[in-house]
Amino acid sequence: MPITVSFDIETNSIQDPNDRTRIQVSFLRLGWEHIGGSSWRYPRLGAQPASEDWFNHVIPALMYFRSIVEHSGMSVYRFTVDVQSSAGYRGDAQPPIGTGIQPNGQIQTYAPGLSPEREAYLSDQRLREFIAAAAQSLE
């Protein structure tokens with residue numbers, strides 16, 4: 001079942017317009033589909049995953065969104081997260097079922113399909129460094 005996220009950001013609170021692009025690229029790199037305005041869907045329409053990949057694609061996208069909003073001081077005055085989902089992993093099954101929590105370097109990412117200039121605002125490597133930093137902060 002799909003997960004949809006939509007949000008509205010107060011335009012006057014955006015100090016760096018590239019932050020909106022960074023949010024867009026993060027969702028696209030993590031396999032989300034842009035469905036219009038500030039609305040996103042995971043998985044992409046027509047994708048065939050066994051189940052939603054919460055730990056490798058959903059949670060990191062939401063973490064990045066929250067972190068960039070907090071860091072930049074943007075004002076999100078409205079948001080929704082709509083979910084009817086079930087995801088799981090059984091690594092002891094033969095073959096394993098679902099997708100387990102992957103090391104940062106093994107999370108599957110996707111080409112955003114934007115112009116190289118826009119994609120450069122958040123490289124694949126920089127997104128992976130962000131995800132890794134969250135784990136390192138616990139050390």
# chains A, B, ... in the order shown; residues from 1 in each chain; ligands from 1
call {"tool": "closest_atom_pairs", "arguments": {"of": "segment 7-86 of chain A", "to": "segment 105-121 of chain A", "cutoff": "10 Å", "atoms": "only C-alpha atoms", "output": "Markdown table"}}
result
| residue | atom | partner | partner_atom | distance |
| --- | --- | --- | --- | --- |
| A:Asn18 | CA | A:Tyr121 | CA | 6.8 |
| A:Asp19 | CA | A:Tyr121 | CA | 8.2 |
| A:Arg20 | CA | A:Tyr121 | CA | 9.7 |
| A:Thr21 | CA | A:Arg118 | CA | 6.8 |
| A:Arg22 | CA | A:Tyr121 | CA | 5.7 |
| A:Ile23 | CA | A:Tyr121 | CA | 9.4 |
| A:Gln24 | CA | A:Pro112 | CA | 8.7 |
| A:Val25 | CA | A:Pro112 | CA | 6.2 |
| A:Ser26 | CA | A:Pro112 | CA | 8.4 |
| A:Phe27 | CA | A:Pro112 | CA | 8.5 |
| A:Leu28 | CA | A:Pro112 | CA | 4.9 |
| A:Arg29 | CA | A:Tyr110 | CA | 4.6 |
| A:Leu30 | CA | A:Thr109 | CA | 5.3 |
| A:Gly31 | CA | A:Tyr110 | CA | 6.0 |
| A:Trp32 | CA | A:Tyr110 | CA | 9.2 |
| A:Glu33 | CA | A:Pro112 | CA | 9.6 |
| A:Phe55 | CA | A:Ile107 | CA | 9.6 |
| A:Asn56 | CA | A:Ile107 | CA | 6.1 |
| A:His57 | CA | A:Ile107 | CA | 8.0 |
call {"tool": "select_by_dssp", "arguments": {"residues": "segment 17-96 of chain A", "states": "strand (DSSP E)", "output": "list in words"}}
result
Glu33, His34, Ile35, Gly36, Ser39, Trp40, Arg41, Tyr42, Val76, Tyr77, Arg78, Phe79, Thr80, Val81, Asp82, Val83, Tyr89 and Arg90 of chain A
call {"tool": "write_last_selection", "arguments": {"atoms": "N, CA and C atoms", "output": "PDB file, in the first residue's frame"}}
result
ATOM      1  N   GLU A  33       7.899   8.952  -5.673  1.00  0.00           N
ATOM      2  CA  GLU A  33       7.375   9.572  -6.881  1.00  0.00           C
ATOM      3  C   GLU A  33       6.773  10.924  -6.538  1.00  0.00           C
ATOM      4  N   HIS A  34       7.136  11.936  -7.304  1.00  0.00           N
ATOM      5  CA  HIS A  34       6.573  13.270  -7.121  1.00  0.00           C
ATOM      6  C   HIS A  34       5.197  13.269  -7.771  1.00  0.00           C
ATOM      7  N   ILE A  35       4.142  13.506  -6.996  1.00  0.00           N
ATOM      8  CA  ILE A  35       2.790  13.430  -7.551  1.00  0.00           C
ATOM      9  C   ILE A  35       2.150  14.804  -7.694  1.00  0.00           C
ATOM     10  N   GLY A  36       2.935  15.853  -7.492  1.00  0.00           N
ATOM     11  CA  GLY A  36       2.449  17.210  -7.717  1.00  0.00           C
ATOM     12  C   GLY A  36       2.666  18.102  -6.520  1.00  0.00           C
ATOM     13  N   SER A  39       3.785  17.024  -2.871  1.00  0.00           N
ATOM     14  CA  SER A  39       3.205  15.724  -2.532  1.00  0.00           C
ATOM     15  C   SER A  39       4.046  14.614  -3.141  1.00  0.00           C
ATOM     16  N   TRP A  40       4.240  13.575  -2.339  1.00  0.00           N
ATOM     17  CA  TRP A  40       5.111  12.467  -2.712  1.00  0.00           C
ATOM     18  C   TRP A  40       4.436  11.142  -2.409  1.00  0.00           C
ATOM     19  N   ARG A  41       4.760  10.115  -3.192  1.00  0.00           N
ATOM     20  CA  ARG A  41       4.187   8.784  -3.022  1.00  0.00           C
ATOM     21  C   ARG A  41       5.317   7.765  -3.025  1.00  0.00           C
ATOM     22  N   TYR A  42       5.216   6.804  -2.113  1.00  0.00           N
ATOM     23  CA  TYR A  42       6.161   5.683  -2.088  1.00  0.00           C
ATOM     24  C   TYR A  42       5.369   4.411  -1.859  1.00  0.00           C
ATOM     25  N   VAL A  76       7.058  24.824   8.156  1.00  0.00           N
ATOM     26  CA  VAL A  76       6.082  23.909   7.571  1.00  0.00           C
ATOM     27  C   VAL A  76       4.788  24.128   8.335  1.00  0.00           C
ATOM     28  N   TYR A  77       3.804  24.710   7.671  1.00  0.00           N
ATOM     29  CA  TYR A  77       2.573  25.045   8.378  1.00  0.00           C
ATOM     30  C   TYR A  77       1.469  24.028   8.156  1.00  0.00           C
ATOM     31  N   ARG A  78       1.712  23.048   7.311  1.00  0.00           N
ATOM     32  CA  ARG A  78       0.714  22.003   7.084  1.00  0.00           C
ATOM     33  C   ARG A  78       1.425  20.787   6.504  1.00  0.00           C
ATOM     34  N   PHE A  79       1.105  19.607   7.026  1.00  0.00           N
ATOM     35  CA  PHE A  79       1.623  18.387   6.417  1.00  0.00           C
ATOM     36  C   PHE A  79       0.700  17.226   6.729  1.00  0.00           C
ATOM     37  N   THR A  80       0.762  16.216   5.892  1.00  0.00           N
ATOM     38  CA  THR A  80       0.061  14.957   6.141  1.00  0.00           C
ATOM     39  C   THR A  80       0.987  13.814   5.757  1.00  0.00           C
ATOM     40  N   VAL A  81       0.887  12.749   6.487  1.00  0.00           N
ATOM     41  CA  VAL A  81       1.519  11.484   6.137  1.00  0.00           C
ATOM     42  C   VAL A  81       0.387  10.466   6.187  1.00  0.00           C
ATOM     43  N   ASP A  82       0.046   9.905   5.051  1.00  0.00           N
ATOM     44  CA  ASP A  82      -1.041   8.934   4.968  1.00  0.00           C
ATOM     45  C   ASP A  82      -0.457   7.575   4.634  1.00  0.00           C
ATOM     46  N   VAL A  83      -0.809   6.601   5.476  1.00  0.00           N
ATOM     47  CA  VAL A  83      -0.221   5.271   5.331  1.00  0.00           C
ATOM     48  C   VAL A  83      -1.270   4.210   5.619  1.00  0.00           C
ATOM     49  N   TYR A  89      10.274  -8.214   7.433  1.00  0.00           N
ATOM     50  CA  TYR A  89      11.454  -8.899   6.936  1.00  0.00           C
ATOM     51  C   TYR A  89      11.610 -10.183   7.734  1.00  0.00           C
ATOM     52  N   ARG A  90      11.867 -11.257   7.025  1.00  0.00           N
ATOM     53  CA  ARG A  90      12.182 -12.539   7.655  1.00  0.00           C
ATOM     54  C   ARG A  90      13.459 -13.052   7.011  1.00  0.00           C
TER      55      ARG A  90
END
call {"tool": "closest_residue", "arguments": {"among": "A:Leu45, A:Arg128, A:Gly91, A:Asp16", "to": "Val69 of chain A", "atoms": "only C-alpha atoms"}}
result
A:Asp16
call {"tool": "residues_around", "arguments": {"residues": "Ser13 of chain A", "least_positions_apart": "5", "cutoff": "8 Å", "atoms": "only C-alpha atoms", "output": "mmCIF file with N, CA and C atoms, in the first residue's frame"}}
result
data_model
loop_
_atom_site.group_PDB
_atom_site.id
_atom_site.type_symbol
_atom_site.label_atom_id
_atom_site.label_comp_id
_atom_site.auth_asym_id
_atom_site.auth_seq_id
_atom_site.Cartn_x
_atom_site.Cartn_y
_atom_site.Cartn_z
ATOM 1 N N GLY A 73 15.414 26.417 9.118
ATOM 2 C CA GLY A 73 14.436 27.306 9.739
ATOM 3 C C GLY A 73 13.178 27.508 8.910
ATOM 4 N N MET A 74 12.953 26.633 7.932
ATOM 5 C CA MET A 74 11.727 26.748 7.134
ATOM 6 C C MET A 74 10.518 26.457 8.020
ATOM 7 N N SER A 75 9.423 27.129 7.712
ATOM 8 C CA SER A 75 8.192 26.948 8.472
ATOM 9 C C SER A 75 7.242 26.054 7.686
#
call {"tool": "atom_distance", "arguments": {"atom1": "atom CA of Ser67 of chain A", "atom2": "atom CA of Phe130 of chain A"}}
result
9.6 Å
call {"tool": "atom_distance", "arguments": {"atom1": "atom CA of Ile14 of chain A", "atom2": "atom CA of Ala134 of chain A"}}
result
24.2 Å
call {"tool": "residues_around", "arguments": {"residues": "Gln84 of chain A", "least_positions_apart": "2", "cutoff": "9 Å", "atoms": "only C-alpha atoms", "output": "number ranges by chain"}}
result
A: 1-3, 82, 86
call {"tool": "write_last_selection", "arguments": {"atoms": "N, CA and C atoms", "output": "PDB file, in the first residue's frame"}}
result
ATOM      1  N   MET A   1       0.845  -1.173   0.000  1.00  0.00           N
ATOM      2  CA  MET A   1       0.000   0.000   0.000  1.00  0.00           C
ATOM      3  C   MET A   1       0.895   1.243   0.000  1.00  0.00           C
ATOM      4  N   PRO A   2       0.499   2.259  -0.692  1.00  0.00           N
ATOM      5  CA  PRO A   2       1.369   3.436  -0.804  1.00  0.00           C
ATOM      6  C   PRO A   2       1.391   4.289   0.459  1.00  0.00           C
ATOM      7  N   ILE A   3       2.460   5.015   0.573  1.00  0.00           N
ATOM      8  CA  ILE A   3       2.639   6.023   1.602  1.00  0.00           C
ATOM      9  C   ILE A   3       2.630   7.356   0.869  1.00  0.00           C
ATOM     10  N   ASP A  82       0.046   9.905   5.051  1.00  0.00           N
ATOM     11  CA  ASP A  82      -1.041   8.934   4.968  1.00  0.00           C
ATOM     12  C   ASP A  82      -0.457   7.575   4.634  1.00  0.00           C
ATOM     13  N   SER A  86       1.987  -2.340   5.444  1.00  0.00           N
ATOM     14  CA  SER A  86       2.536  -3.423   6.231  1.00  0.00           C
ATOM     15  C   SER A  86       3.865  -3.781   5.599  1.00  0.00           C
TER      16      SER A  86
END
